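Reading through the structure tokens given below for one structure.
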Amino acid sequence: MATRTVQADAAVLGHTGRPMPVFADPGPLEVHGPARIVAVCNQKGGVGKTTTTINLGAALAEQGRRVLLVDFDPQGALSVGLGIRPHDIDATVYNLLMERGTTAHDVLTKTQVHGMDLMPSNIDLSGAEVQLVHEVGREYVLGSALEPVVADYDVIMIDCQPSLGLLTINALACAQGVVIPLECEYFAMRGVALLMETIDKVSRRLNPKLEIDGLLATMYDSRTLHTREVLANIVNGFGDKVFHTVINRTVRFPDATVAGEPITRFDSGSMGASSYRELAKEVLERWRQAGDGHEG
């Protein structure tokens with residue numbers, strides 16, 4: 001069985017400028033569920049939320065975790081990135097939220113990744129935000145809808161839309177953790193304070209169990225001074241909340257999206273696939289240290 005020891009060689013600095021730990025492969029789970037719900041969130045678009053949801057989910061599934069991905073963005077990019085044509089789907093997350101007769105099991109779709117399922121979405125979900133405004137307990141609709149399947153999975157990851165509207169609040173209100181992808185460019189830092197304030201408000205008013213699992217630097221290019229400086233600023237600002245694992249910029253991610261597959265399946269030996277596998281081990285280790293039962 002894999003050791004849980006995490007060692008850091010002081011002579012080996014990672015991209016974040018900190019000693020890079022070596023994360024051991026976690027052991028298999030003897031019992032599955034209930035799931036840890038994780039919101040992948042940032043109100044800025046194009047920072048890698050969907051890419052992270054797909055590929056971290058697939059990497060966790062490779063580690064023997066049962067994973068459910070929830071497409072909570074009306075653009076449906078998560079669904080498309082897994083080879084689903086959103087307009088051909090009979091039941092989506094919108095139906096789950098707004099139609100009393102639709103259950104979570106009605107919306108579940110298998111993916112090509114063993115152990116990873118999907119709840120797809122399409123543009124219909126954009127109407128839910130308006131309709132939910134008048135609902136009693138409107139912040140908890142998603143959590144109530146997911147409750148019947150929480151016991152079936154180890155991890156539920158919600159791909160949030162690039163806004164801090166009612167849909168994103170729903171995701172935060174039912175999550176135990178938040179993963180925040182941050183593009184390594186100057187404007188990515190703007191707005192993070194507002195996101196942190198929103199997470200803090202949700203934690204205080206709606207969901208005391210909510211915590212930040214980590215900030216993930218994405219689209220990193222070590223050849224440019226700009227991205228190195230931005231990453232250093234992120235680490236200076238948020239310290240240990242920043243994951244050691246950094247996701248490099250590569251054309252293989254959009255290629256994998258076009259193919260409708262995670263990078264771990266599309267190009268298993270690529271740097272991108274390796275990075276998300278490392279991230280999965282780091283995330284599981286953080287959950288273990290936090291006393292969560294999903295690390296194995």
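Convention: chains lettered A, B, ... in structure tokens order; per-chain residue numbering from 1; ligands numbered from 1 as shown.
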Using only C-alpha atoms, find each residue in range 188-287 of chain A having at least one atom no more than 9 Å away from range 75-92 of chain A; report its shortest atom-to-atom pair and that distance in Å (one decimal), rows by chain then rising number, as CSV.
```
residue,atom,partner,partner_atom,distance
A:Ala256,CA,A:Gly81,CA,7.7
A:Thr257,CA,A:Gly81,CA,4.6
A:Val258,CA,A:Gly81,CA,6.9
A:Ala259,CA,A:Gly83,CA,7.1
A:Gly260,CA,A:Gly83,CA,3.9
A:Glu261,CA,A:Leu82,CA,5.3
A:Pro262,CA,A:Leu82,CA,7.1
```
Residues within 10 Å of Ile234 in chain A, only C-alpha atoms, excluding chain neighbours under 3 positions, as a list of chain:residue names: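 Within the cut-off, the hits are A:Thr16, A:Leu182, A:Cys184, A:Ala188, A:Met189, A:Leu215, A:Leu216, A:Ala217, A:Arg228, A:Glu229, A:Val230, A:Leu231, A:Gly237, A:Phe238, A:Gly239, A:Lys241, A:Val242.
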All helix (DSSP H, G or I) positions in range 37-273 of chain A, as number ranges by chain: A: 49-62, 77-81, 86-88, 93-98, 104-107, 123-132, 138-152, 166-174, 186-189, 192-205, 225-241, 252-259, 263-266, 271-273
Exercise: range 192-202 of chain A partners within 8 Å, only C-alpha atoms, chain neighbours under 3 positions left out, as number ranges by chain: A: 42-43, 164, 169, 172-173, 188-189, 205-208, 210
Since we have the selection now, will you write its residues out, keeping N, CA and C atoms, as a compact mmCIF listing (two decimals), in the first residue's frame?
```
# COMPACT_ATOMS: atom_id res chain seq x y z
N ASN A 42 -14.43 30.58 -10.64
CA ASN A 42 -13.76 31.87 -10.85
C ASN A 42 -14.67 32.67 -11.77
N GLN A 43 -15.01 33.88 -11.38
CA GLN A 43 -15.95 34.66 -12.20
C GLN A 43 -15.33 35.16 -13.49
N LEU A 164 -20.68 35.48 -10.59
CA LEU A 164 -20.95 35.22 -9.17
C LEU A 164 -22.45 35.33 -8.92
N ILE A 169 -23.65 30.69 -6.61
CA ILE A 169 -23.97 30.66 -5.18
C ILE A 169 -24.54 29.30 -4.80
N LEU A 172 -21.62 26.90 -4.46
CA LEU A 172 -20.87 27.15 -3.24
C LEU A 172 -21.65 26.73 -2.00
N ALA A 173 -22.96 26.86 -2.06
CA ALA A 173 -23.80 26.56 -0.90
C ALA A 173 -23.86 25.06 -0.61
N ALA A 188 -5.81 38.35 -14.34
CA ALA A 188 -6.39 37.25 -13.58
C ALA A 188 -6.47 37.59 -12.09
N MET A 189 -5.54 38.40 -11.62
CA MET A 189 -5.52 38.75 -10.20
C MET A 189 -6.64 39.72 -9.83
N ARG A 205 -22.84 32.75 5.91
CA ARG A 205 -24.29 32.89 5.90
C ARG A 205 -25.05 31.64 5.45
N LEU A 206 -24.41 30.83 4.59
CA LEU A 206 -25.15 29.73 3.97
C LEU A 206 -24.53 28.36 4.22
N ASN A 207 -23.21 28.28 4.28
CA ASN A 207 -22.55 26.97 4.28
C ASN A 207 -21.27 27.02 5.10
N PRO A 208 -21.36 26.80 6.40
CA PRO A 208 -20.18 26.89 7.27
C PRO A 208 -19.10 25.86 6.95
N LEU A 210 -17.87 25.22 4.04
CA LEU A 210 -17.15 25.59 2.82
C LEU A 210 -15.73 26.07 3.15
```
Picked from range 53-291 of chain A by DSSP as strand (DSSP E), as a count of residues only: 33
Distance query Val251 in chain A at most 12 Å, only C-alpha atoms, self and fewer than 4 positions along chain excluded, as number ranges by chain: A: 219, 255-258, 263, 267, 270-272
Could you write out the selected residues, including N, CA and C atoms, as an mmCIF file, in the first residue's frame?
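Dumped everything to out_19.cif:
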```
data_model
loop_
_atom_site.group_PDB
_atom_site.id
_atom_site.type_symbol
_atom_site.label_atom_id
_atom_site.label_comp_id
_atom_site.auth_asym_id
_atom_site.auth_seq_id
_atom_site.Cartn_x
_atom_site.Cartn_y
_atom_site.Cartn_z
ATOM 1 N N MET A 219 -2.184 27.869 -17.406
ATOM 2 C CA MET A 219 -1.648 28.557 -18.594
ATOM 3 C C MET A 219 -0.287 29.188 -18.303
ATOM 4 N N ASP A 255 -6.779 20.597 -28.222
ATOM 5 C CA ASP A 255 -6.873 19.421 -29.093
ATOM 6 C C ASP A 255 -7.721 18.337 -28.432
ATOM 7 N N ALA A 256 -7.500 18.142 -27.130
ATOM 8 C CA ALA A 256 -8.269 17.135 -26.396
ATOM 9 C C ALA A 256 -9.747 17.523 -26.317
ATOM 10 N N THR A 257 -10.017 18.819 -26.158
ATOM 11 C CA THR A 257 -11.402 19.296 -26.111
ATOM 12 C C THR A 257 -12.121 19.006 -27.420
ATOM 13 N N VAL A 258 -11.447 19.272 -28.531
ATOM 14 C CA VAL A 258 -12.033 18.996 -29.844
ATOM 15 C C VAL A 258 -12.328 17.506 -29.991
ATOM 16 N N ILE A 263 -7.349 15.032 -21.280
ATOM 17 C CA ILE A 263 -5.968 14.954 -21.738
ATOM 18 C C ILE A 263 -5.320 13.646 -21.287
ATOM 19 N N ASP A 267 -3.939 12.169 -24.710
ATOM 20 C CA ASP A 267 -2.483 12.143 -24.845
ATOM 21 C C ASP A 267 -1.902 11.822 -23.477
ATOM 22 N N SER A 270 1.534 13.087 -22.177
ATOM 23 C CA SER A 270 1.861 14.505 -22.316
ATOM 24 C C SER A 270 2.144 15.159 -20.965
ATOM 25 N N MET A 271 2.770 16.333 -21.025
ATOM 26 C CA MET A 271 3.037 17.091 -19.809
ATOM 27 C C MET A 271 1.732 17.499 -19.130
ATOM 28 N N GLY A 272 0.715 17.835 -19.929
ATOM 29 C CA GLY A 272 -0.569 18.219 -19.363
ATOM 30 C C GLY A 272 -1.209 17.095 -18.578
#
```
Counting only C-alpha atoms, the residue of A:Leu167, A:Asp159, A:Asp71, A:Gly115 that sits nearest Gln131 in chain A: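 Result for the nearest residue to Gln131 in chain A: A:Leu167.
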Point-to-point distance in Å for CA of Ser222 in chain A and CA of His15 in chain A: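 Taking CA of His15 in chain A as the start and CA of Ser222 in chain A as the end point, the length is 8.0 Å.
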